[in-house]
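Visitor: Okay, so here is data-v4.cif, and as you'll see once you scroll down, it has mmCIF, C-alpha atoms.
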```
data_coords
loop_
_atom_site.group_PDB
_atom_site.id
_atom_site.type_symbol
_atom_site.label_atom_id
_atom_site.label_comp_id
_atom_site.auth_asym_id
_atom_site.auth_seq_id
_atom_site.Cartn_x
_atom_site.Cartn_y
_atom_site.Cartn_z
ATOM 1 C CA MET A 1078 78.789 209.005 -35.817
ATOM 2 C CA SER A 1079 78.903 212.406 -37.501
ATOM 3 C CA ASP A 1080 76.394 214.208 -35.262
ATOM 4 C CA LEU A 1081 78.145 213.595 -31.925
ATOM 5 C CA THR A 1082 77.740 216.553 -29.563
ATOM 6 C CA LEU A 1083 79.020 217.035 -26.050
ATOM 7 C CA ASP A 1084 75.562 216.815 -24.454
ATOM 8 C CA ARG A 1085 75.230 213.201 -25.635
ATOM 9 C CA LEU A 1086 78.183 212.042 -23.527
ATOM 10 C CA ALA A 1087 78.807 211.402 -19.840
ATOM 11 C CA LYS A 1088 81.705 210.166 -17.772
ATOM 12 C CA GLY A 1089 81.845 206.388 -17.965
ATOM 13 C CA ASP A 1090 80.350 206.095 -21.462
ATOM 14 C CA ALA A 1091 82.015 203.408 -23.561
ATOM 15 C CA LEU A 1092 83.418 204.207 -26.986
ATOM 16 C CA PRO A 1093 82.587 201.692 -29.709
ATOM 17 C CA THR A 1094 85.037 198.850 -30.207
ATOM 18 C CA PHE A 1095 87.291 198.942 -33.272
ATOM 19 C CA GLY A 1096 89.220 195.904 -34.476
ATOM 20 C CA VAL A 1097 92.039 195.592 -37.009
ATOM 21 C CA ASP A 1098 93.769 192.495 -38.342
ATOM 22 C CA VAL A 1099 97.457 193.402 -38.513
ATOM 23 C CA THR A 1100 99.399 192.124 -41.526
ATOM 24 C CA ALA A 1101 103.015 192.539 -42.602
ATOM 25 C CA THR A 1102 101.702 195.108 -45.077
ATOM 26 C CA THR A 1103 100.066 197.055 -42.217
ATOM 27 C CA VAL A 1104 103.398 197.171 -40.386
ATOM 28 C CA ILE A 1105 105.580 198.004 -43.395
ATOM 29 C CA LEU A 1106 103.333 200.635 -44.964
ATOM 30 C CA GLY A 1107 102.938 202.374 -41.599
ATOM 31 C CA ALA A 1108 106.719 202.510 -41.176
ATOM 32 C CA LEU A 1109 107.223 203.768 -44.730
ATOM 33 C CA ALA A 1110 104.496 206.411 -44.390
ATOM 34 C CA SER A 1111 106.309 207.834 -41.359
ATOM 35 C CA ARG A 1112 109.731 207.525 -43.048
ATOM 36 C CA ASP A 1113 110.899 205.081 -40.409
ATOM 37 C CA TRP A 1114 113.542 203.051 -42.214
ATOM 38 C CA ARG A 1115 114.689 201.105 -39.152
ATOM 39 C CA PRO A 1116 114.833 197.436 -40.138
ATOM 40 C CA MET A 1117 112.823 196.020 -37.214
ATOM 41 C CA HIS A 1118 109.712 197.373 -38.974
ATOM 42 C CA HIS A 1119 110.290 195.659 -42.347
ATOM 43 C CA ASP A 1120 113.062 193.029 -42.060
ATOM 44 C CA TYR A 1121 111.906 189.812 -40.391
ATOM 45 C CA LYS A 1122 115.410 188.390 -39.954
ATOM 46 C CA PHE A 1123 116.700 191.582 -38.325
ATOM 47 C CA ALA A 1124 113.685 191.812 -36.014
ATOM 48 C CA VAL A 1125 114.033 188.214 -34.866
ATOM 49 C CA GLU A 1126 117.816 187.815 -34.751
ATOM 50 C CA ARG A 1127 118.935 191.307 -33.705
ATOM 51 C CA GLN A 1128 115.930 192.597 -31.732
ATOM 52 C CA GLY A 1129 114.918 189.264 -30.215
ATOM 53 C CA VAL A 1130 111.228 189.600 -31.056
ATOM 54 C CA GLN A 1131 108.922 187.202 -32.901
ATOM 55 C CA ASP A 1132 108.434 189.308 -36.052
ATOM 56 C CA ILE A 1133 108.471 192.852 -37.447
ATOM 57 C CA PHE A 1134 106.244 195.170 -35.395
ATOM 58 C CA LEU A 1135 104.226 198.403 -35.557
ATOM 59 C CA ASN A 1136 106.253 201.562 -34.998
ATOM 60 C CA THR A 1137 105.165 204.444 -32.791
ATOM 61 C CA PRO A 1138 103.687 206.731 -35.499
ATOM 62 C CA ASN A 1139 101.732 203.782 -36.937
ATOM 63 C CA GLN A 1140 100.144 203.095 -33.557
ATOM 64 C CA ALA A 1141 99.425 206.823 -33.118
ATOM 65 C CA ALA A 1142 97.657 206.796 -36.491
ATOM 66 C CA TRP A 1143 95.447 203.862 -35.437
ATOM 67 C CA PHE A 1144 94.472 205.700 -32.228
ATOM 68 C CA GLU A 1145 93.693 208.833 -34.242
ATOM 69 C CA ARG A 1146 91.590 206.860 -36.729
ATOM 70 C CA TYR A 1147 89.708 205.207 -33.875
ATOM 71 C CA LEU A 1148 88.891 208.560 -32.288
ATOM 72 C CA ASN A 1149 88.082 210.307 -35.584
ATOM 73 C CA ASP A 1150 85.794 207.487 -36.718
ATOM 74 C CA TRP A 1151 83.923 207.782 -33.406
ATOM 75 C CA THR A 1152 83.661 211.575 -33.186
ATOM 76 C CA GLY A 1153 82.991 212.230 -36.876
ATOM 77 C CA PRO A 1154 84.194 215.204 -38.894
ATOM 78 C CA LYS A 1155 83.609 217.824 -36.186
ATOM 79 C CA GLY A 1156 85.626 216.019 -33.519
ATOM 80 C CA ARG A 1157 89.092 217.539 -33.122
ATOM 81 C CA ILE A 1158 91.881 215.861 -31.175
ATOM 82 C CA GLY A 1159 93.549 218.475 -29.013
ATOM 83 C CA ARG A 1160 96.069 216.279 -27.270
ATOM 84 C CA MET A 1161 96.976 212.611 -27.002
ATOM 85 C CA VAL A 1162 99.589 210.721 -25.023
ATOM 86 C CA PHE A 1163 100.128 207.000 -25.120
ATOM 87 C CA ARG A 1164 102.354 204.325 -23.650
ATOM 88 C CA MET A 1165 103.366 201.250 -25.595
ATOM 89 C CA THR A 1166 104.208 198.299 -23.350
ATOM 90 C CA LYS A 1167 104.410 195.385 -25.793
ATOM 91 C CA PRO A 1168 104.809 195.179 -29.588
ATOM 92 C CA VAL A 1169 102.017 194.541 -32.070
ATOM 93 C CA PHE A 1170 102.949 191.975 -34.742
ATOM 94 C CA PRO A 1171 101.570 190.707 -38.050
ATOM 95 C CA GLY A 1172 98.892 188.123 -37.302
ATOM 96 C CA ASP A 1173 97.670 190.029 -34.239
ATOM 97 C CA HIS A 1174 94.102 191.305 -34.056
ATOM 98 C CA MET A 1175 94.252 194.770 -32.475
ATOM 99 C CA LEU A 1176 91.192 195.745 -30.495
ATOM 100 C CA LEU A 1177 90.777 199.384 -29.512
ATOM 101 C CA THR A 1178 88.335 200.228 -26.743
ATOM 102 C CA GLY A 1179 87.792 203.360 -24.726
ATOM 103 C CA THR A 1180 85.863 205.116 -22.011
ATOM 104 C CA VAL A 1181 84.891 208.746 -21.563
ATOM 105 C CA ASP A 1182 86.733 209.891 -18.446
ATOM 106 C CA ASP A 1183 85.666 213.550 -18.339
ATOM 107 C CA VAL A 1184 83.201 215.898 -20.052
ATOM 108 C CA SER A 1185 83.710 219.656 -19.722
ATOM 109 C CA VAL A 1186 83.455 223.076 -21.360
ATOM 110 C CA ASP A 1187 86.435 225.438 -21.126
ATOM 111 C CA GLU A 1188 86.387 229.201 -20.550
ATOM 112 C CA THR A 1189 86.159 229.841 -24.324
ATOM 113 C CA GLY A 1190 83.019 227.704 -24.655
ATOM 114 C CA CYS A 1191 84.804 224.788 -26.328
ATOM 115 C CA GLY A 1192 83.449 221.363 -25.389
ATOM 116 C CA TRP A 1193 85.973 218.719 -24.357
ATOM 117 C CA ILE A 1194 86.015 215.065 -23.464
ATOM 118 C CA ARG A 1195 88.894 213.079 -22.089
ATOM 119 C CA ALA A 1196 88.987 209.453 -23.158
ATOM 120 C CA GLU A 1197 91.032 206.562 -21.795
ATOM 121 C CA ILE A 1198 91.820 204.087 -24.570
ATOM 122 C CA SER A 1199 93.371 200.633 -24.660
ATOM 123 C CA LEU A 1200 94.842 198.664 -27.533
ATOM 124 C CA THR A 1201 94.693 194.974 -26.704
ATOM 125 C CA VAL A 1202 95.675 191.768 -28.451
ATOM 126 C CA ASP A 1203 94.086 188.535 -27.210
ATOM 127 C CA GLY A 1204 92.895 190.361 -24.091
ATOM 128 C CA ALA A 1205 96.378 191.621 -23.141
ATOM 129 C CA VAL A 1206 96.965 195.369 -23.080
ATOM 130 C CA ARG A 1207 99.712 196.416 -25.498
ATOM 131 C CA THR A 1208 99.233 200.202 -25.490
ATOM 132 C CA THR A 1209 97.207 202.684 -23.445
ATOM 133 C CA ALA A 1210 96.335 206.254 -24.375
ATOM 134 C CA THR A 1211 94.661 209.328 -22.974
ATOM 135 C CA ALA A 1212 93.157 211.791 -25.432
ATOM 136 C CA ARG A 1213 91.565 215.217 -25.061
ATOM 137 C CA ILE A 1214 89.086 215.763 -27.862
ATOM 138 C CA ALA A 1215 87.057 218.859 -28.708
ATOM 139 C CA LEU A 1216 83.439 218.180 -29.635
ATOM 140 C CA PRO A 1217 80.630 220.495 -30.703
ATOM 141 C CA THR A 1218 78.506 221.782 -27.839
ATOM 142 C CA THR A 1219 75.553 222.267 -30.230
ATOM 143 C CA PRO A 1220 74.784 220.902 -33.712
ATOM 144 C CA ASP A 1221 75.944 224.167 -35.331
ATOM 145 C CA ASP A 1222 79.211 224.391 -33.332
ATOM 146 C CA ASN A 1223 82.449 223.215 -34.971
ATOM 147 C CA PRO A 1224 85.718 222.957 -32.996
ATOM 148 C CA TRP A 1225 87.635 223.182 -36.289
ATOM 149 C CA ASP A 1226 86.516 226.824 -36.563
ATOM 150 C CA ARG A 1227 88.354 227.709 -33.336
ATOM 151 C CA ARG A 1228 91.660 229.571 -33.670
ATOM 152 C CA GLY A 1229 93.985 231.598 -31.461
ATOM 153 C CA GLU A 1230 92.571 232.341 -28.023
ATOM 154 C CA ARG A 1231 89.467 230.273 -28.780
ATOM 155 C CA TRP A 1232 91.562 227.071 -29.187
ATOM 156 C CA LYS A 1233 93.256 225.808 -26.016
ATOM 157 C CA PRO A 1234 94.041 222.139 -26.430
#
```
With the file now loaded, output its structure as C-alpha cells.

Guide:
Amino acid sequence: MSDLTLDRLAKGDALPTFGVDVTATTVILGALASRDWRPMHHDYKFAVERQGVQDIFLNTPNQAAWFERYLNDWTGPKGRIGRMVFRMTKPVFPGDHMLLTGTVDDVSVDETGCGWIRAEISLTVDGAVRTTATARIALPTTPDDNPWDRRGERWKP
C-alpha cells in the first residue's frame, strides 16, 4: 500500500497478515547476511546435539529483517521505521510457517508535525507466539508529505 497516510489509520486497526515458509536456506542466508557465523544457525548437528533444539534456527537480525519487511511492505515507500523493539521467546525453525500480524496501538502527530503510529506485532507459528514486537513508524500526514525528508530537529524517532 504505497499511498498510506496517517489519516487513514485509527487505534485498533489490523495490519495485513504476512506469511513466510521458513526453509534451511532462509535460516542460513539470514545468518550469513548478518555475519553471524555461530553454528546453531547453519549446522544441524551442532544445533541438535549442543544446543538441544530440533534444528537450526533464525538468528536475531534475521527476525528483525522479517519484521522490517512486514512493516515496509505495509506502509509503502514513505513509511519510515523510527524505532522497534522485539522479544523472541521461542526459536523459528526450517519447516515452520511464520505468520506476522499486527495492530495499530496509537496514532499521533509530534511537535514537529511528523505523523506516527505505534504497532504491536506478533510472529506466530501454528498459532503459538514466538516473537512480539512494538514499532514506532513515521507516516505521511498528507499525500505530499514524506517522513524520509525529515532531518535534524524535524526527525525525533

Visitor: Between A:Asp1084, A:Asp1226, A:Asp1098, A:Glu1188, which residue has the minimum interatomic distance to His1174 (chain A), considering all atoms listed in the file?

Guide: A:Asp1098

Visitor: Identify the residues around (86.2, 220.2, -31.4) within a radius of 10 Å, measuring from only C-alpha atoms in the coordinates stated by the file, and give them as JSON, numbers by chain.

Guide: {"A": [1082, 1083, 1152, 1154, 1155, 1156, 1157, 1158, 1159, 1191, 1192, 1193, 1194, 1213, 1214, 1215, 1216, 1217, 1218, 1222, 1223, 1224, 1225, 1226, 1227, 1232, 1234]}

Visitor: Check what the PyMOL selection byres ((chain A and resi 1176-1179) around 6) selects in the file above and give those residues as a PyMOL selection string.

Guide: chain A and resi 1091-1092+1094-1096+1175+1180+1197-1201

Visitor: Can you turn the PyMOL selection byres ((chain A and resi 1119-1123) around 8) into a concrete residue list for this file, as a list in words?

Guide: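 Evaluating the PyMOL selection byres ((chain A and resi 1119-1123) around 8) on this file yields Ala1101, Val1104, Ile1105, Ala1108, Arg1115, Pro1116, Met1117, His1118, Ala1124, Val1125, Glu1126, Arg1127, Gln1128, Asp1132 and Ile1133 of chain A.
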
Visitor: Can you tell me how far CA of Lys1088 (chain A) sits from CA of Asp1182 (chain A), in Å to one decimal?

Guide: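 CA of Asp1182 (chain A) lies 5.1 Å from CA of Lys1088 (chain A).
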
Visitor: Run through the PyMOL selection byres ((chain A and resi 1136) around 8) on the given coordinates and return the selected residues as JSON, numbers by chain.

Guide: {"A": [1104, 1107, 1108, 1113, 1118, 1134, 1135, 1137, 1138, 1139, 1140]}

Visitor: Next, the residues of the selection above should be written as a CSV table (one decimal), in the coordinates of the input with C-alpha atoms.

Guide:
```
chain,number,residue,atom,x,y,z
A,1104,VAL,CA,103.4,197.2,-40.4
A,1107,GLY,CA,102.9,202.4,-41.6
A,1108,ALA,CA,106.7,202.5,-41.2
A,1113,ASP,CA,110.9,205.1,-40.4
A,1118,HIS,CA,109.7,197.4,-39.0
A,1134,PHE,CA,106.2,195.2,-35.4
A,1135,LEU,CA,104.2,198.4,-35.6
A,1137,THR,CA,105.2,204.4,-32.8
A,1138,PRO,CA,103.7,206.7,-35.5
A,1139,ASN,CA,101.7,203.8,-36.9
A,1140,GLN,CA,100.1,203.1,-33.6
```

Visitor: Could you work out how far CA of Thr1211 (chain A) lies from CA of Met1161 (chain A), giving the answer in Å with one decimal?

Guide: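 Spanning CA of Met1161 (chain A) to CA of Thr1211 (chain A) is a straight-line distance of 5.7 Å.
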
Visitor: Expressed in Å to a single decimal, how great is the separation between CA of Val1181 (chain A) and CA of Ala1087 (chain A)?

Guide: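 Here the two named atoms are 6.9 Å from each other.
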
Visitor: For each of A:Thr1102, A:Leu1081, A:Leu1109, A:Ala1212, take the minimum atom-to-atom distance to Glu1145 (chain A), counting only C-alpha atoms, then give the residue where this is smallest.

Guide: A:Ala1212

Visitor: Kindly indicate which residue among A:Pro1171, A:Thr1219, A:Phe1163, A:Arg1231 lies nearest to Arg1207 (chain A), using all atoms listed in the file for the distances.

Guide: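 Checking each candidate against Arg1207 (chain A), we get A:Phe1163 as the closest.
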
Visitor: So which one's closest to Val1130 (chain A), A:Phe1170, A:Thr1103, A:Asp1203, A:Trp1114? Using all atoms listed in the file, please.

Guide: A:Phe1170

Visitor: Hey, what's within 10 Å of Thr1166 (chain A) if we count all atoms listed in the file and toss same-chain stuff fewer than 4 positions away? As number ranges by chain, please?

Guide: A: 1206-1209

Visitor: Considering only C-alpha atoms, can you say which of A:Ala1142, A:Ala1196, A:Asp1080, A:Asp1150 comes closest to Leu1106 (chain A)?

Guide: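 Nearest to Leu1106 (chain A): A:Ala1142.
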
Visitor: First collect every listed atom of region 1200-1208 of chain A; then fit an axis-aligned box around them, widen it by 6 Å on each side, and give centre and edge lengths in Å to one decimal, as JSON.

Guide:
```
{"center_x": 96.3, "center_y": 194.4, "center_z": -25.8, "size_x": 18.8, "size_y": 23.7, "size_z": 17.4}
```
